[in-house]
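Asker: start.txt is reproduced below (compact mmCIF, C-alpha atoms).
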```txt
# COMPACT_ATOMS: atom_id res chain seq x y z
CA MET A 1 7.52 -23.52 20.62
CA LYS A 2 5.40 -22.03 17.87
CA THR A 3 2.16 -20.46 19.07
CA LYS A 4 -0.84 -21.77 17.13
CA LEU A 5 -3.26 -19.21 15.77
CA SER A 6 -6.97 -19.98 15.53
CA SER A 7 -8.83 -20.55 12.26
CA ARG A 8 -10.99 -17.55 13.18
CA PHE A 9 -7.87 -15.38 13.30
CA TRP A 10 -6.70 -16.60 9.89
CA LEU A 11 -10.12 -16.03 8.32
CA ALA A 12 -10.32 -12.50 9.75
CA LEU A 13 -6.75 -11.81 8.62
CA VAL A 14 -7.38 -13.01 5.07
CA LEU A 15 -10.75 -11.28 4.54
CA CYS A 16 -9.99 -7.95 6.22
CA SER A 17 -6.54 -7.75 4.66
CA LEU A 18 -7.70 -8.77 1.17
CA ILE A 19 -10.69 -6.45 0.95
CA GLY A 20 -8.75 -3.61 2.55
CA GLN A 21 -6.04 -4.06 -0.05
CA VAL A 22 -8.63 -4.22 -2.85
CA ALA A 23 -9.81 -0.77 -1.75
CA TRP A 24 -6.21 0.47 -1.54
CA VAL A 25 -5.46 -0.87 -5.04
CA VAL A 26 -8.43 1.05 -6.41
CA GLU A 27 -7.14 4.15 -4.64
CA ASN A 28 -3.40 3.82 -5.22
CA MET A 29 -3.43 2.46 -8.77
CA TYR A 30 -6.83 3.03 -10.33
CA LEU A 31 -7.75 6.49 -9.06
CA ASN A 32 -4.65 7.55 -11.01
CA VAL A 33 -6.08 5.85 -14.09
CA PHE A 34 -9.52 7.34 -13.32
CA ILE A 35 -8.38 10.98 -13.34
CA TYR A 36 -5.97 10.28 -16.21
CA LYS A 37 -8.70 8.87 -18.46
CA MET A 38 -11.74 10.85 -17.30
CA PHE A 39 -10.17 14.26 -16.65
CA ALA A 40 -6.83 14.17 -18.58
CA ALA A 41 -4.85 14.60 -15.35
CA SER A 42 -1.16 15.48 -15.58
CA ALA A 43 1.77 13.78 -13.83
CA ALA A 44 1.73 16.73 -11.39
CA ASP A 45 -1.96 16.08 -10.60
CA ILE A 46 -1.26 12.42 -9.91
CA SER A 47 1.77 13.29 -7.77
CA LEU A 48 -0.33 15.77 -5.77
CA MET A 49 -3.09 13.23 -5.18
CA VAL A 50 -0.67 10.54 -4.00
CA SER A 51 1.11 13.00 -1.71
CA ALA A 52 -2.12 14.41 -0.22
CA SER A 53 -3.40 10.90 0.44
CA ALA A 54 -0.09 9.97 2.09
CA VAL A 55 -0.35 12.94 4.45
CA ALA A 56 -3.97 12.09 5.28
CA ALA A 57 -3.08 8.44 5.93
CA THR A 58 -0.22 9.34 8.24
CA VAL A 59 -2.06 11.94 10.31
CA THR A 60 -5.05 9.60 10.63
CA THR A 61 -2.93 6.63 11.71
CA ILE A 62 -1.03 8.66 14.30
CA PHE A 63 -4.17 9.98 15.98
CA MET A 64 -6.46 6.97 15.57
CA GLY A 65 -3.78 4.44 16.46
CA ALA A 66 -3.11 6.32 19.69
CA LEU A 67 -6.86 6.48 20.37
CA SER A 68 -7.21 2.71 19.94
CA ASP A 69 -4.45 2.22 22.54
CA LYS A 70 -6.22 4.63 24.88
CA VAL A 71 -9.54 2.80 24.46
CA GLY A 72 -7.85 -0.61 24.60
CA LYS A 73 -9.95 -1.95 21.72
CA ARG A 74 -9.24 -2.52 18.05
CA LYS A 75 -12.45 -4.23 16.89
CA LEU A 76 -14.66 -1.14 17.10
CA PHE A 77 -12.25 0.91 14.96
CA ILE A 78 -11.89 -1.91 12.42
CA CYS A 79 -15.62 -2.52 11.97
CA ALA A 80 -16.84 1.08 11.99
CA GLY A 81 -13.88 2.14 9.87
CA TYR A 82 -14.57 -0.40 7.12
CA ILE A 83 -18.27 0.51 7.01
CA LEU A 84 -17.55 4.24 6.64
CA TRP A 85 -14.74 3.46 4.22
CA GLY A 86 -17.22 1.67 1.96
CA ILE A 87 -19.68 4.56 2.13
CA SER A 88 -16.94 7.05 1.18
CA ILE A 89 -16.05 4.97 -1.90
CA PHE A 90 -19.68 5.27 -3.06
CA CYS A 91 -19.17 9.03 -3.29
CA PHE A 92 -16.75 8.68 -6.22
CA ALA A 93 -19.65 7.43 -8.36
CA LEU A 94 -20.89 11.04 -8.41
CA ILE A 95 -17.61 12.52 -9.66
CA ARG A 96 -18.32 12.55 -13.39
CA THR A 97 -18.29 15.36 -15.91
CA ASP A 98 -22.01 15.22 -16.74
CA VAL A 99 -23.03 15.34 -13.07
CA LEU A 100 -20.52 18.08 -12.24
CA GLY A 101 -21.62 20.13 -15.25
CA LYS A 102 -25.22 20.11 -13.99
CA MET A 103 -24.35 20.71 -10.35
CA PHE A 104 -21.82 23.48 -11.03
CA PRO A 105 -22.86 25.20 -14.29
CA MET A 106 -20.74 28.23 -13.42
CA VAL A 107 -17.51 26.18 -13.58
CA THR A 108 -15.62 26.63 -16.84
CA SER A 109 -13.84 23.27 -16.69
CA ALA A 110 -15.66 20.22 -15.35
CA ALA A 111 -12.45 18.21 -15.91
CA ALA A 112 -10.39 20.47 -13.63
CA LEU A 113 -13.13 20.33 -10.99
CA GLY A 114 -13.18 16.54 -11.35
CA VAL A 115 -9.47 16.33 -10.60
CA SER A 116 -9.84 18.60 -7.54
CA LEU A 117 -12.84 16.72 -6.14
CA THR A 118 -11.13 13.37 -6.68
CA ILE A 119 -8.14 14.54 -4.65
CA ILE A 120 -10.39 15.88 -1.85
CA PHE A 121 -12.55 12.76 -1.66
CA ASP A 122 -9.44 10.59 -1.83
CA CYS A 123 -8.28 12.22 1.41
CA ILE A 124 -11.69 11.66 3.02
CA MET A 125 -11.70 8.02 1.95
CA THR A 126 -8.14 7.66 3.23
CA PHE A 127 -9.20 8.89 6.68
CA PHE A 128 -11.70 6.05 7.09
CA GLY A 129 -9.45 3.49 5.38
CA SER A 130 -6.43 4.34 7.50
CA THR A 131 -8.50 4.27 10.68
CA ALA A 132 -9.76 0.79 9.84
CA ASN A 133 -6.70 -0.75 8.20
CA ASP A 134 -3.50 1.15 8.95
CA ALA A 135 -4.23 2.07 12.55
CA ALA A 136 -6.57 -0.58 13.99
CA PHE A 137 -6.19 -3.70 11.82
CA ASN A 138 -2.39 -3.61 11.73
CA ALA A 139 -2.22 -3.04 15.49
CA TRP A 140 -4.63 -5.98 15.95
CA VAL A 141 -2.34 -8.26 13.90
CA THR A 142 0.61 -7.25 16.08
CA ASP A 143 -1.43 -7.82 19.27
CA SER A 144 -2.63 -11.23 18.09
CA THR A 145 0.75 -12.69 17.04
CA ASP A 146 4.17 -13.25 18.60
CA ASN A 147 7.74 -13.85 17.41
CA THR A 148 7.03 -17.52 16.68
CA ASN A 149 4.33 -16.90 14.06
CA ARG A 150 4.67 -13.32 12.82
CA GLY A 151 6.61 -14.28 9.70
CA ALA A 152 3.84 -16.65 8.61
CA ALA A 153 1.09 -14.14 9.44
CA GLU A 154 2.95 -11.29 7.74
CA GLY A 155 3.58 -13.47 4.70
CA ILE A 156 -0.19 -13.83 4.27
CA ASN A 157 -0.83 -10.18 5.09
CA SER A 158 1.85 -8.93 2.70
CA MET A 159 0.78 -11.10 -0.22
CA MET A 160 -2.68 -9.50 -0.18
CA PRO A 161 -1.67 -6.38 -2.11
CA LEU A 162 -0.73 -8.59 -5.06
CA VAL A 163 -3.75 -10.86 -4.67
CA SER A 164 -5.93 -7.77 -4.56
CA ILE A 165 -4.31 -6.49 -7.76
CA LEU A 166 -5.22 -9.81 -9.36
CA VAL A 167 -8.80 -9.54 -8.10
CA VAL A 168 -9.12 -5.96 -9.31
CA PHE A 169 -7.44 -6.67 -12.65
CA GLY A 170 -9.73 -9.66 -13.21
CA GLY A 171 -12.83 -7.73 -12.17
CA PHE A 172 -11.94 -4.68 -14.22
CA MET A 173 -11.54 -6.75 -17.39
CA ALA A 174 -15.32 -6.64 -17.74
CA PHE A 175 -15.29 -2.84 -17.89
CA ASP A 176 -14.32 -0.32 -20.53
CA LEU A 177 -12.29 2.12 -18.44
CA ASN A 178 -12.70 4.81 -21.08
CA ARG A 179 -16.41 5.05 -20.22
CA GLN A 180 -17.67 7.03 -17.23
CA GLU A 181 -20.48 4.51 -16.63
CA SER A 182 -17.89 1.80 -15.98
CA TRP A 183 -16.23 3.82 -13.22
CA THR A 184 -19.58 4.56 -11.60
CA LEU A 185 -20.36 0.84 -11.37
CA ILE A 186 -16.86 0.04 -10.15
CA PHE A 187 -17.09 2.48 -7.24
CA ILE A 188 -20.53 1.15 -6.27
CA ILE A 189 -19.32 -2.47 -6.27
CA ILE A 190 -16.08 -1.80 -4.35
CA GLY A 191 -17.91 0.38 -1.83
CA ALA A 192 -20.51 -2.32 -1.19
CA VAL A 193 -17.86 -5.03 -0.68
CA VAL A 194 -15.81 -2.94 1.75
CA LEU A 195 -18.96 -2.04 3.71
CA ALA A 196 -19.96 -5.72 3.88
CA ILE A 197 -16.57 -6.69 5.33
CA GLY A 198 -17.05 -4.06 8.04
CA VAL A 199 -20.29 -5.77 9.04
CA LEU A 200 -18.74 -9.25 8.83
CA ALA A 201 -15.79 -8.16 10.99
CA PHE A 202 -18.16 -7.77 13.96
CA PHE A 203 -18.47 -11.58 13.94
CA LEU A 204 -14.89 -12.49 12.96
CA VAL A 205 -12.50 -10.15 14.73
CA GLU A 206 -11.71 -10.98 18.33
CA ASP A 207 -9.82 -8.38 20.32
CA ALA A 208 -6.54 -9.63 21.74
CA PRO A 209 -6.22 -8.86 25.46
CA ILE A 210 -4.32 -5.58 25.72
CA GLU A 211 -4.02 -3.21 28.63
CA LYS A 212 -5.58 0.22 28.21
CA SER A 213 -3.02 2.99 28.08
CA SER A 214 -3.00 4.97 31.32
CA ASP A 215 -1.20 7.88 29.67
CA ASN A 216 -3.16 10.87 28.44
CA TYR A 217 -4.20 10.88 24.80
CA LEU A 218 -1.72 13.55 23.65
CA SER A 219 1.11 11.58 25.24
CA ASN A 220 0.02 8.54 23.24
CA VAL A 221 -0.08 10.59 20.02
CA ILE A 222 3.51 11.83 20.32
CA TYR A 223 4.92 8.63 21.88
CA GLY A 224 6.49 7.30 18.69
CA PHE A 225 8.25 10.60 17.96
CA ARG A 226 9.85 11.14 21.37
CA PRO A 227 13.67 11.10 21.49
CA SER A 228 13.48 8.72 24.47
CA THR A 229 11.34 6.27 22.49
CA ILE A 230 13.80 6.40 19.57
CA LYS A 231 16.75 5.89 21.93
CA ASN A 232 15.14 2.93 23.70
CA ASN A 233 14.13 1.27 20.42
CA ALA A 234 17.14 2.03 18.22
CA HIS A 235 16.88 -1.17 16.14
CA LEU A 236 13.22 -0.46 15.39
CA TYR A 237 13.97 3.04 14.11
CA VAL A 238 16.94 1.93 12.00
CA THR A 239 14.58 -0.59 10.40
CA LEU A 240 11.98 2.14 9.84
CA VAL A 241 14.48 4.47 8.15
CA THR A 242 15.55 1.65 5.84
CA PHE A 243 11.88 0.90 5.20
CA ILE A 244 11.36 4.53 4.14
CA ILE A 245 13.95 4.24 1.37
CA PHE A 246 12.51 0.87 0.29
CA ASN A 247 9.05 2.41 -0.10
CA ILE A 248 10.39 5.51 -1.87
CA SER A 249 11.75 3.14 -4.50
CA ILE A 250 8.30 1.56 -4.89
CA GLN A 251 6.49 4.90 -5.11
CA ILE A 252 8.73 6.20 -7.89
CA TYR A 253 7.06 3.88 -10.40
CA MET A 254 3.90 2.49 -8.79
CA PRO A 255 1.55 5.47 -9.46
CA TYR A 256 2.38 5.21 -13.18
CA LEU A 257 2.65 1.42 -13.55
CA ILE A 258 -0.71 0.63 -15.17
CA ILE A 259 -0.47 3.67 -17.43
CA TYR A 260 3.01 2.47 -18.45
CA TYR A 261 1.75 -1.00 -19.37
CA GLU A 262 -1.34 0.20 -21.21
CA VAL A 263 -0.15 3.41 -22.88
CA SER A 264 3.64 3.22 -23.14
CA LEU A 265 3.88 -0.48 -24.00
CA ALA A 266 0.49 -0.58 -25.79
CA MET A 267 -0.36 -3.79 -23.91
CA ALA A 268 -4.11 -4.00 -24.41
CA ASN A 269 -3.98 -7.43 -22.75
CA TYR A 270 -1.76 -6.38 -19.84
CA VAL A 271 -4.14 -8.03 -17.37
CA LEU A 272 -3.58 -11.43 -19.00
CA VAL A 273 0.16 -10.87 -18.92
CA MET A 274 0.19 -9.64 -15.32
CA ALA A 275 -2.19 -12.20 -13.82
CA PRO A 276 0.24 -15.17 -13.91
CA ALA A 277 3.02 -12.95 -12.54
CA ILE A 278 0.77 -11.83 -9.70
CA ILE A 279 -0.29 -15.38 -8.83
CA LEU A 280 3.30 -16.65 -8.77
CA ALA A 281 4.52 -13.64 -6.78
CA SER A 282 1.70 -14.13 -4.26
CA VAL A 283 2.60 -17.78 -3.76
CA PHE A 284 6.26 -16.81 -3.32
CA THR A 285 5.36 -14.17 -0.72
CA ALA A 286 3.20 -16.54 1.32
CA LEU A 287 5.91 -19.22 1.34
CA TRP A 288 8.84 -16.88 1.79
CA GLY A 289 7.23 -15.32 4.86
CA LYS A 290 8.00 -18.54 6.72
CA SER A 291 11.70 -18.12 5.96
CA TYR A 292 11.69 -15.11 8.27
CA ASP A 293 10.66 -17.34 11.19
CA ARG A 294 13.43 -19.81 10.34
CA LYS A 295 16.36 -17.70 9.10
CA GLY A 296 15.68 -14.21 10.35
CA PHE A 297 15.37 -10.79 8.75
CA GLU A 298 18.78 -10.23 7.17
CA PHE A 299 18.90 -13.28 4.90
CA SER A 300 15.22 -13.30 3.93
CA ALA A 301 15.16 -9.54 3.23
CA MET A 302 18.32 -9.64 1.10
CA VAL A 303 16.83 -12.25 -1.22
CA THR A 304 13.72 -10.14 -1.81
CA LEU A 305 15.76 -6.98 -2.44
CA VAL A 306 17.89 -8.73 -5.06
CA LEU A 307 14.70 -9.95 -6.78
CA LEU A 308 13.28 -6.41 -6.74
CA ALA A 309 16.43 -4.86 -8.20
CA SER A 310 16.57 -7.57 -10.88
CA GLY A 311 12.97 -6.83 -11.86
CA TYR A 312 13.77 -3.12 -12.24
CA ILE A 313 16.71 -3.89 -14.53
CA VAL A 314 14.67 -6.20 -16.78
CA LEU A 315 11.76 -3.73 -17.01
CA TYR A 316 14.14 -0.89 -17.85
CA LEU A 317 15.93 -2.82 -20.58
CA PHE A 318 13.12 -4.67 -22.35
CA ARG A 319 9.72 -3.90 -23.92
CA ALA A 320 8.64 -7.28 -25.38
CA THR A 321 5.87 -9.21 -23.64
CA ILE A 322 7.87 -12.15 -22.25
CA PRO A 323 10.72 -10.06 -20.74
CA VAL A 324 8.12 -7.64 -19.31
CA PHE A 325 6.36 -10.62 -17.71
CA ILE A 326 9.65 -11.87 -16.21
CA GLY A 327 10.60 -8.39 -14.99
CA SER A 328 7.16 -7.86 -13.49
CA LEU A 329 7.32 -11.23 -11.71
CA LEU A 330 10.72 -10.43 -10.22
CA MET A 331 9.66 -6.90 -9.30
CA MET A 332 6.40 -7.94 -7.63
CA SER A 333 7.99 -10.89 -5.81
CA GLY A 334 10.69 -8.59 -4.45
CA TYR A 335 8.22 -5.85 -3.56
CA LEU A 336 5.75 -8.02 -1.66
CA GLY A 337 8.43 -10.25 -0.18
CA GLY A 338 10.27 -7.18 1.05
CA MET A 339 7.07 -5.76 2.55
CA ALA A 340 6.58 -9.05 4.43
CA MET A 341 10.13 -9.09 5.78
CA PHE A 342 10.11 -5.47 6.90
CA GLY A 343 6.59 -5.82 8.29
CA ALA A 344 7.48 -8.85 10.41
CA ARG A 345 10.68 -7.19 11.63
CA ILE A 346 8.82 -4.03 12.66
CA ARG A 347 6.20 -6.08 14.53
CA ASP A 348 8.93 -8.05 16.34
CA LEU A 349 10.66 -4.84 17.44
CA THR A 350 7.42 -3.15 18.58
CA PRO A 351 7.21 -3.07 22.41
CA GLU A 352 4.29 -5.12 23.73
CA GLY A 353 1.19 -3.01 24.41
CA TYR A 354 2.40 -0.09 22.27
CA ALA A 355 1.29 -1.29 18.83
CA GLY A 356 -1.37 1.40 18.36
CA ARG A 357 0.92 4.25 19.35
CA LEU A 358 3.63 3.05 17.00
CA GLN A 359 1.41 2.58 13.95
CA GLY A 360 1.93 6.28 13.29
CA VAL A 361 5.70 5.95 12.85
CA ARG A 362 5.16 2.81 10.76
CA ILE A 363 2.80 4.62 8.40
CA PHE A 364 5.18 7.60 8.40
CA SER A 365 7.80 5.20 7.02
CA GLN A 366 5.52 3.24 4.72
CA VAL A 367 3.22 5.95 3.37
CA LEU A 368 3.97 9.60 4.23
CA VAL A 369 7.61 10.13 3.29
CA PRO A 370 7.57 7.62 0.41
CA GLY A 371 4.18 8.92 -0.77
CA VAL A 372 5.53 12.46 -1.00
CA VAL A 373 9.12 11.86 -2.11
CA GLY A 374 8.59 8.87 -4.45
CA PRO A 375 5.93 10.40 -6.75
CA TYR A 376 7.88 13.68 -6.79
CA ILE A 377 10.94 11.85 -8.05
CA GLY A 378 8.75 10.01 -10.57
CA LYS A 379 7.18 13.29 -11.70
CA THR A 380 10.64 14.83 -12.11
CA ILE A 381 11.85 11.85 -14.14
CA LEU A 382 8.79 12.19 -16.40
CA ALA A 383 9.03 15.98 -16.75
CA ASN A 384 10.03 15.68 -20.40
CA ALA A 385 7.94 12.62 -21.20
CA GLN A 386 6.31 12.25 -24.60
CA MET A 387 2.83 13.79 -24.94
CA ILE A 388 -0.07 12.36 -26.93
CA THR A 389 -3.30 14.01 -28.08
CA ASN A 390 -6.54 12.33 -26.99
CA ASN A 391 -9.72 12.05 -29.06
CA ASP A 392 -11.23 15.04 -27.26
CA GLY A 393 -8.23 17.24 -28.02
CA THR A 394 -6.68 17.09 -24.56
CA GLN A 395 -3.09 15.94 -24.09
CA SER A 396 -1.73 13.21 -21.83
CA PHE A 397 1.83 12.24 -20.90
CA VAL A 398 3.36 8.85 -21.72
CA PRO A 399 5.45 7.35 -18.87
CA ASP A 400 8.80 5.88 -19.93
CA ALA A 401 11.08 3.17 -18.53
CA ASN A 402 13.27 5.71 -16.74
CA ILE A 403 10.96 5.37 -13.73
CA PHE A 404 12.44 1.89 -13.16
CA LEU A 405 15.97 3.25 -13.38
CA GLY A 406 15.07 5.80 -10.71
CA ALA A 407 13.55 3.06 -8.55
CA LEU A 408 16.73 0.98 -8.94
CA ALA A 409 18.90 3.89 -7.80
CA ALA A 410 16.74 4.24 -4.68
CA ILE A 411 16.84 0.55 -3.73
CA ILE A 412 20.65 0.24 -3.86
CA PRO A 413 21.20 1.95 -0.44
CA VAL A 414 18.68 -0.47 1.11
CA ILE A 415 20.62 -3.44 -0.28
CA VAL A 416 23.84 -2.00 1.16
CA VAL A 417 22.32 -1.52 4.63
CA VAL A 418 20.82 -5.03 4.76
CA TYR A 419 24.12 -6.48 3.50
CA MET A 420 25.97 -4.74 6.33
CA LEU A 421 23.45 -6.06 8.84
CA THR A 422 23.96 -9.57 7.44
CA LYS A 423 27.76 -9.27 7.85
CA ASN A 424 27.39 -8.02 11.43
CA SER A 425 24.98 -10.85 12.21
CA LYS A 426 27.49 -13.44 10.96
CA LYS A 427 30.29 -11.84 13.02
CA ASN A 428 28.14 -12.00 16.15
CA ILE A 429 27.39 -15.68 15.52
CA ALA A 430 31.10 -16.41 15.00
```
Could you render the structure as C-alpha cells?

Answerer:
Amino acid sequence: MKTKLSSRFWLALVLCSLIGQVAWVVENMYLNVFIYKMFAASAADISLMVSASAVAATVTTIFMGALSDKVGKRKLFICAGYILWGISIFCFALIRTDVLGKMFPMVTSAAALGVSLTIIFDCIMTFFGSTANDAAFNAWVTDSTDNTNRGAAEGINSMMPLVSILVVFGGFMAFDLNRQESWTLIFIIIGAVVLAIGVLAFFLVEDAPIEKSSDNYLSNVIYGFRPSTIKNNAHLYVTLVTFIIFNISIQIYMPYLIIYYEVSLAMANYVLVMAPAIILASVFTALWGKSYDRKGFEFSAMVTLVLLASGYIVLYLFRATIPVFIGSLLMMSGYLGGMAMFGARIRDLTPEGYAGRLQGVRIFSQVLVPGVVGPYIGKTILANAQMITNNDGTQSFVPDANIFLGALAAIIPVIVVVYMLTKNSKKNIA
C-alpha cells in the first residue's frame, strides 16, 4: 500500500528544493556567465571554478551528512544552512571591478582578482549550500519517504533544477547582464530569498524519527567508503558508479550552455526559446517520476537516457531556432528525468538510518568526480575554440557544438549498462 505524505511535507519539499536549486542555478550556470562577462574569464578559469566547487561540495556533504546522523536531526542543519547560504550570496555583490580597484589599489588587474575572489567565495557559498541542501535536505527526503512514494517525491525534487532555471531565466530577463549593477542586484535578491526560506523552514520542516548514530563521528564520516559497506551494498555502489558517468556527460556541456546559446548561436532571445522547453521538460519529469514506482528503475531510466542522447544529437547537428528548441527539450527531459530515476534508485538502496552518512558517496558521484572530470573534458574539447575580441579589448572564447558530441560519447556507456540491467531483470522475471 502506498504511504501517504502530508501536505506539509510536500510544501517543504517544493519550497526548499526550488529555492535551493535557484541558488545552485545561479552558482552552476550564472557564476560562469558572471566571470565571463565581468572579468573575461577563460574556459580554464570556468573549469577551475566548477572543479573547486565540486570538491568543496563533496567534502562538506561527507562531514556534515555524518554529523547530522550523529546528532539525529536534519532540521537544524537545513534551516541554519539556508540562512548562512543566503548571507554568503550577498557577498558576491561586492565582487566588482570598481570596488576591488578601490579596496586593492596595488593590484595590477582587478579582473584577475575578480576571477580569484569569485572562485574563493563560490567555495564558501558551496559549504553552506551543501550543508543545507546536499547533506541535510536530501537526507531528510530519504528519511521521510519509503519505496512506495519515493518515485513521486523524487520526480518533484528532480524537476526543480529545470523549474529553477525557468525562474532564473525569467527573472534575469529584466537585467542587462553586461552591467555590473545588474549582477549586484541579482546577488542581493537571490541572497534574500534563500535566507527567507531558511527562516520559513523552521515552521515547515518536520524531522522524521531517526535513531541517533551510536558510532563515533569519524566512523560515520568514513562509513560510505569502507570496503565492508561497499560489499554489503553492491547494488547501491554499481548504481553510483553509473551515476558518475551520467553526470560527467552533463558536466561536459552544462558550464558552457548559456554562453553557447547567447554567444555561439547569437540567440539574444534564448530565454524565450528555452522557457517552453523547460516547462514541458519539468512536466515530463514530474509525471515520469511516477513511472519509477510502477515499472521500476531499468525501464524508466532507459527512456530518459534515450531522450538525453537524442537531444545531444539534435543540438550537435543543428543551429536553427526550432531544432535547437527540440534538442533542448529532449536534452533537458532526459537530464532531469534521469536525475529523478537515479535519485529514487539511490534512495531505495540506502540502508534505513544511514542516509546522512551516505550523502557523501552520493555527492561524490553526483558532484565531485563529474564536477572535476566533466568540465576538464569540456575545456579540452574547447581548447581550440574560436576567440572574439570584446569592446574593452579583452578576448573571450566561443563554445562550439563539439561539447554535445563529447557528452554523447560519455552517455553511451550508461545506456549500455542500463540496457544490460533491463535484460537481466527480464530473465529473472522469466

Asker: Please provide as a ChimeraX atom specification all residues within 10 Å of Val199 in chain A, with the sequence filter that same-chain residues fewer than 2 positions apart are discarded (counting only C-alpha atoms).

Answerer: /A:78-80,82-83,194-197,201-204

Asker: Quick one: distance from CA of Met38 in chain A to CA of Ile165 in chain A in Å, one decimal?

Answerer: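 Spanning CA of Met38 in chain A to CA of Ile165 in chain A is a straight-line distance of 21.1 Å.
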
Asker: Please compute the CA of Val33 in chain A-CA of Tyr376 in chain A distance, one decimal, in Å.

Answerer: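 Here the two named atoms are 17.6 Å from each other.
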
Asker: Between CA of Gly360 in chain A and CA of Thr61 in chain A, what is the distance, to one decimal in Å?

Answerer: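 CA of Thr61 in chain A lies at a distance of 5.1 Å from CA of Gly360 in chain A.
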
Asker: My list of candidates is A:Ala93, A:Ile244, A:Ile258, A:Val193. Which is closest to Val372 in chain A when distances are computed with only C-alpha atoms?

Answerer: A:Ile244

Asker: Considering only C-alpha atoms, return as a PyMOL selection string whatever protein or nucleic-acid residues lie within 9 Å of Leu315 in chain A, sequence-local ones (same chain, fewer than 4 positions apart) excluded.

Answerer: chain A and resi 310-311+319+323-328+331+401+404-405

Asker: Restricting the calculation to only C-alpha atoms, which member of A:Pro399, A:Pro209, A:Pro413, A:Gly72 is positioned closest to Tyr261 in chain A?

Answerer: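 Ranked by minimum distance to Tyr261 in chain A, first place goes to A:Pro399.
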
Asker: Identify which of the residues A:Phe318, A:Met49, A:Thr60, A:Asn133 lies closest to Phe121 in chain A, counting all atoms listed in the file when measuring atom-to-atom distances.

Answerer: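 Of the candidates, the smallest distance to Phe121 in chain A is held by A:Met49.
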
Asker: When you count only C-alpha atoms, which of these residues is closest to Val273 in chain A: A:Gly129, A:Gly170, A:Gly65, A:Gly198?

Answerer: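 Residue with the minimum atom-to-atom distance to Val273 in chain A: A:Gly170.
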
Asker: Nearest to Ile252 in chain A: which of A:Ala385, A:Met339, A:Ile415, A:Leu408 is it, counting only C-alpha atoms?

Answerer: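 Result for the nearest residue to Ile252 in chain A: A:Leu408.
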
Asker: Around (6.7, 12.2, -25.4) in the file's frame, which residues reach within 10 Å when counting only C-alpha atoms? Return as an NGL selection string?

Answerer: :A and (264 or 382-388 or 396-400)

Asker: Nearest to Leu48 in chain A among A:Leu336, A:Leu317, A:Cys16, A:Val373, with distances taken over all atoms listed in the file: which residue is it?

Answerer: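 The shortest atom-to-atom distance to Leu48 in chain A comes from A:Val373.
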
Asker: Would you pick out the contacts of His235 in chain A at 10 Å or less, using all atoms listed in the file, so that residues sharing its chain but fewer than 6 positions from it are not included, and give the list as number ranges by chain?

Answerer: A: 345-346, 349-350
